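Colleague: What follows is work39.cif, made up of mmCIF, C-alpha atoms:
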```
data_protein
loop_
_atom_site.label_atom_id
_atom_site.label_comp_id
_atom_site.auth_asym_id
_atom_site.auth_seq_id
_atom_site.Cartn_x
_atom_site.Cartn_y
_atom_site.Cartn_z
CA MET A 105 10.13 -15.54 -36.45
CA ASP A 106 7.53 -17.76 -34.78
CA SER A 107 5.53 -16.78 -31.69
CA LYS A 108 7.60 -18.98 -29.33
CA SER A 109 10.88 -17.25 -30.15
CA LYS A 110 9.14 -13.87 -29.81
CA LYS A 111 8.02 -14.75 -26.28
CA LYS A 112 11.51 -15.89 -25.27
CA LYS A 113 12.91 -12.42 -25.96
CA GLY A 114 10.69 -10.97 -23.25
CA LEU A 115 7.60 -8.89 -23.07
CA LYS A 116 6.99 -5.75 -25.05
CA HIS A 117 6.82 -2.50 -23.13
CA ARG A 118 3.01 -2.35 -23.36
CA GLU A 119 2.71 -5.93 -22.15
CA GLU A 120 4.92 -5.18 -19.14
CA LEU A 121 2.84 -2.09 -18.39
CA PHE A 122 -0.32 -4.19 -18.56
CA CYS A 123 1.17 -6.59 -15.98
CA TYR A 124 2.14 -3.76 -13.61
CA TYR A 125 -1.27 -2.11 -13.88
CA PHE A 126 -3.10 -5.42 -13.49
CA VAL A 127 -1.25 -6.27 -10.28
CA ASN A 128 -2.25 -2.90 -8.84
CA THR A 129 -5.83 -2.60 -10.13
CA GLN A 130 -6.99 -6.19 -10.77
CA SER A 131 -9.04 -4.67 -13.63
CA VAL A 132 -8.44 -6.19 -17.05
CA GLU A 133 -9.98 -3.31 -18.98
CA LEU A 134 -8.43 -0.48 -16.96
CA SER A 135 -5.01 -2.14 -17.07
CA ALA A 136 -5.18 -2.57 -20.83
CA LYS A 137 -6.32 1.05 -21.30
CA LYS A 138 -3.52 2.40 -19.12
CA ALA A 139 -1.00 0.22 -20.96
CA GLY A 140 -2.03 1.76 -24.27
CA TYR A 141 -4.42 -0.79 -25.76
CA LYS A 142 -6.94 1.61 -27.28
CA LYS A 143 -8.97 -0.72 -29.50
CA ASN A 144 -11.25 -2.87 -27.33
CA PRO A 145 -9.05 -2.89 -24.20
CA PHE A 146 -11.16 -5.50 -22.38
CA VAL A 147 -10.64 -8.08 -25.13
CA ALA A 148 -6.95 -7.17 -25.45
CA GLY A 149 -6.52 -7.63 -21.71
CA GLN A 150 -8.35 -10.95 -21.70
CA GLN A 151 -6.12 -12.19 -24.51
CA LEU A 152 -3.02 -11.11 -22.63
CA LEU A 153 -4.16 -13.00 -19.52
CA LEU A 154 -4.34 -16.20 -21.56
CA ARG A 155 -0.61 -16.08 -22.29
CA ASP A 156 1.74 -18.05 -20.06
CA ASP A 157 4.47 -15.40 -20.17
CA ILE A 158 2.03 -12.70 -19.04
CA VAL A 159 0.69 -14.87 -16.21
CA ALA A 160 4.27 -15.67 -15.13
CA GLN A 161 5.16 -11.97 -15.08
CA ILE A 162 2.05 -11.15 -13.02
CA LYS A 163 2.84 -13.95 -10.54
CA ASP A 164 6.40 -12.67 -10.23
CA LEU A 165 5.19 -9.10 -9.60
CA VAL A 166 2.66 -10.27 -6.99
CA SER A 167 5.37 -12.25 -5.21
CA LYS A 168 7.70 -9.24 -5.15
CA GLN A 169 4.84 -7.01 -3.99
CA LYS A 170 4.15 -9.33 -1.05
CA GLU A 171 7.82 -9.18 -0.06
CA VAL A 172 7.75 -5.39 -0.19
CA TYR A 173 4.53 -5.23 1.85
CA SER A 174 6.13 -7.48 4.45
CA VAL A 175 9.06 -5.06 4.77
CA ILE A 176 6.67 -2.08 4.91
CA ALA A 177 4.68 -3.79 7.66
CA GLU A 178 7.81 -4.50 9.68
CA CYS A 179 8.95 -0.88 9.33
CA GLY A 180 5.51 0.30 10.41
CA TYR A 181 5.52 -1.91 13.49
CA LEU A 182 9.04 -0.75 14.37
CA ARG A 183 7.91 2.83 14.06
CA LEU A 184 4.83 2.19 16.22
CA ALA A 185 6.93 0.45 18.83
CA PHE A 186 9.76 2.97 19.08
CA SER A 187 8.63 6.40 17.79
CA SER A 188 8.53 9.48 19.95
CA VAL A 189 5.28 10.97 21.26
CA CYS A 190 6.77 14.48 21.51
CA ASP A 191 4.91 15.97 18.53
CA ALA A 192 1.60 14.54 19.71
CA VAL A 193 2.12 15.95 23.19
CA SER A 194 3.05 19.32 21.67
CA LEU A 195 -0.19 19.21 19.71
CA LEU A 196 -2.11 19.08 22.99
CA TYR A 197 -0.78 22.52 23.91
CA MET A 198 -1.48 24.21 20.55
CA ASP A 199 -4.68 26.21 20.17
CA ASN A 200 -5.30 26.15 16.43
CA PRO A 201 -2.33 24.68 14.55
CA ASP A 202 -2.24 25.46 10.82
CA LYS A 203 -2.04 22.82 8.12
CA LYS A 204 1.69 23.35 7.52
CA THR A 205 2.47 22.83 11.20
CA LEU A 206 0.43 19.62 11.27
CA GLU A 207 2.06 18.31 8.09
CA ASN A 208 5.50 18.73 9.67
CA MET A 209 4.58 16.83 12.83
CA ASP A 210 5.25 13.13 13.31
CA LEU A 211 1.84 11.85 14.42
CA TYR A 212 2.36 8.26 13.26
CA LEU A 213 1.60 6.89 16.72
CA VAL A 214 -1.73 8.72 16.93
CA SER A 215 -4.78 6.56 16.29
CA GLU A 216 -7.41 9.13 17.20
CA ILE A 217 -7.72 12.82 18.02
CA ARG A 218 -10.92 14.16 19.53
CA LYS A 219 -11.95 17.53 20.79
CA PRO A 220 -15.13 17.06 22.86
CA ARG A 221 -17.46 19.94 23.56
CA ASP A 222 -15.68 20.83 26.79
CA GLY A 223 -12.72 21.95 24.64
CA ALA A 224 -9.99 19.62 25.91
CA THR A 225 -8.13 17.75 23.18
CA GLU A 226 -7.91 13.96 23.59
CA ILE A 227 -5.26 11.93 21.81
CA LYS A 228 -5.34 8.14 21.62
CA PHE A 229 -2.16 6.26 20.66
CA PHE A 230 -1.65 2.92 18.98
CA ASP A 231 -0.64 0.13 21.34
CA ARG A 232 3.16 -0.22 21.43
CA ILE A 233 2.96 -3.63 23.11
CA LYS A 234 0.80 -5.01 20.29
CA ALA A 235 3.28 -3.63 17.75
CA LEU A 236 6.10 -5.42 19.57
CA GLU A 237 4.04 -8.62 19.66
CA LYS A 238 3.45 -8.40 15.90
CA LEU A 239 7.16 -7.87 15.32
CA SER A 240 7.90 -10.89 17.47
CA GLN A 241 5.38 -13.00 15.56
CA GLN A 242 6.82 -11.86 12.25
CA LYS A 243 10.37 -12.65 13.36
CA SER A 244 9.36 -16.09 14.65
CA GLY A 245 7.84 -16.96 11.28
CA ASP A 246 4.17 -16.84 12.29
CA GLU A 247 2.57 -16.09 8.92
CA SER A 248 -1.01 -16.06 10.24
CA MET A 249 -0.77 -12.38 11.15
CA GLY A 250 0.21 -11.36 7.64
CA LEU A 251 -2.90 -11.98 5.58
CA GLY A 252 -5.16 -9.32 7.06
CA LEU A 253 -2.31 -6.86 7.17
CA MET A 254 -1.36 -7.51 3.55
CA ASP A 255 -4.96 -6.96 2.47
CA ALA A 256 -5.07 -3.72 4.44
CA LEU A 257 -1.82 -2.50 2.90
CA ALA A 258 -3.06 -3.37 -0.58
CA LEU A 259 -6.25 -1.40 0.02
CA GLY A 260 -4.23 1.51 1.35
CA ALA A 261 -1.95 1.47 -1.68
CA GLN A 262 -4.97 1.31 -3.96
CA SER A 263 -6.58 4.34 -2.30
CA LEU A 264 -3.32 6.30 -2.65
CA SER A 265 -3.07 5.41 -6.33
CA ASP A 266 -6.66 6.63 -6.73
CA GLY A 267 -5.59 10.02 -5.34
CA ASP A 268 -7.21 9.74 -1.90
CA ASP A 269 -4.09 10.87 -0.05
CA GLU A 270 -5.49 14.15 1.30
CA CYS A 271 -4.99 15.00 4.94
CA GLY A 272 -8.21 14.50 6.88
CA VAL A 273 -7.45 17.33 9.32
#
```
Taking this structure as input, can you express it in the form of C-alpha cells?
Modeller:
Amino acid sequence: MDSKSKKKKGLKHREELFCYYFVNTQSVELSAKKAGYKKNPFVAGQQLLLRDDIVAQIKDLVSKQKEVYSVIAECGYLRLAFSSVCDAVSLLYMDNPDKKTLENMDLYLVSEIRKPRDGATEIKFFDRIKALEKLSQQKSGDESMGLGLMDALALGAQSLSDGDDECGV
C-alpha cells in the first residue's frame, strides 16, 4: 500500500487528535504531546503540518469552529437583549449571599458589581440596545463586527480549557 492510498482512507486517530488539539492550542508541540506522540513531539507535529490532508482537516475544523462561535455570539446577544434582571435585583437586597446561591442566579446581564465603602451595592448591566444593534448587524450580514468578537470568544474558550473557569466572587 503506497502513502497516497493510505491518506485517502482518512486520518489515523492520533492524527485527528493532533488536528483537534492544534486548532484549540495553536501549539505544535503541545498538540502532538496530547495526541500521543511521545518521541520528539515538536518534530512529529511539524511533520504532520507539512501534510496536505492534515492541513485540510485543520482548515475544516477552523471553519466549523467559526460557524459555532457565530452561533454562540448570536445566542449571547439574544440573552443580553432579552434576559430578565430579576436575579440581579434580588442580589441587591441580599446581605451576604453564599456561593451556592450566587451560582444558581442568572447574572448574565451583569457587567460589574461594586460595593463601595458606604455599603450600598452597585450593579452595572450590559447595554441591551448595543446587543440588539449587534444582532441587527449580524442578521444584515455585516461581518465587520465579528472579528473582534471571534477573537474574544477564542480567548475565552482557551482560558476555560486551561482550567480558569473559577467563579471570581
Colleague: Work out how far apart atom CA of Ser194 of chain A and atom CA of Gly180 of chain A are and give it in Å to one decimal.
Modeller: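 Pair atom CA of Ser194 of chain A / atom CA of Gly180 of chain A returns 22.2 Å.
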Colleague: Apply the PyMOL selection byres ((chain A and resi 207-217) around 10) to the structure shown and report the selected residues as a compact mmCIF listing (two decimals) with C-alpha atoms, keeping the file's coordinate frame.
Modeller:
```
# COMPACT_ATOMS: atom_id res chain seq x y z
CA GLY A 180 5.51 0.30 10.41
CA ARG A 183 7.91 2.83 14.06
CA LEU A 184 4.83 2.19 16.22
CA ALA A 185 6.93 0.45 18.83
CA PHE A 186 9.76 2.97 19.08
CA SER A 187 8.63 6.40 17.79
CA SER A 188 8.53 9.48 19.95
CA VAL A 189 5.28 10.97 21.26
CA CYS A 190 6.77 14.48 21.51
CA ASP A 191 4.91 15.97 18.53
CA ALA A 192 1.60 14.54 19.71
CA VAL A 193 2.12 15.95 23.19
CA SER A 194 3.05 19.32 21.67
CA LEU A 195 -0.19 19.21 19.71
CA LEU A 196 -2.11 19.08 22.99
CA ASP A 202 -2.24 25.46 10.82
CA LYS A 203 -2.04 22.82 8.12
CA LYS A 204 1.69 23.35 7.52
CA THR A 205 2.47 22.83 11.20
CA LEU A 206 0.43 19.62 11.27
CA ARG A 218 -10.92 14.16 19.53
CA LYS A 219 -11.95 17.53 20.79
CA PRO A 220 -15.13 17.06 22.86
CA THR A 225 -8.13 17.75 23.18
CA GLU A 226 -7.91 13.96 23.59
CA ILE A 227 -5.26 11.93 21.81
CA LYS A 228 -5.34 8.14 21.62
CA PHE A 229 -2.16 6.26 20.66
CA PHE A 230 -1.65 2.92 18.98
CA ASP A 231 -0.64 0.13 21.34
CA ARG A 232 3.16 -0.22 21.43
CA CYS A 271 -4.99 15.00 4.94
CA VAL A 273 -7.45 17.33 9.32
```
Colleague: From the options A:Lys168, A:Tyr181, A:Val147, A:Tyr124, which residue's atoms come nearest to Gln242 of chain A, counting only C-alpha atoms?
Modeller: A:Tyr181
Colleague: I would like the residues chosen by the PyMOL selection byres ((chain A and resi 159) around 12) on the shown file; could you give them as a PyMOL selection string?
Modeller: chain A and resi 115+119-120+122-124+126-127+149-158+160-166
Colleague: Quick one: distance from atom CA of Thr129 of chain A to atom CA of Ala177 of chain A in Å, one decimal?
Modeller: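 Straight-line distance from atom CA of Thr129 of chain A to atom CA of Ala177 of chain A works out to 20.7 Å.
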Colleague: Have a look at atom CA of Gly223 of chain A and atom CA of Asn200 of chain A and let me know their distance in Å, one decimal.
Modeller: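 That distance, rounded to one decimal, is 11.8 Å.
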Colleague: Run through the PyMOL selection byres ((chain A and resi 132) around 8) on the given coordinates and return the selected residues as a ChimeraX atom specification.
Modeller: /A:126,130-131,133-136,145-146,149-150
Colleague: Centre and edge lengths, as lines of an AutoDock Vina configuration file, for the axis-aligned box enclosing every listed atom of segment 167-173 of chain A with 4 Å of padding on each of the six sides, in Å to one decimal?
Modeller:
```
center_x = 6.0
center_y = -8.7
center_z = -1.7
size_x = 11.7
size_y = 15.0
size_z = 15.1
```
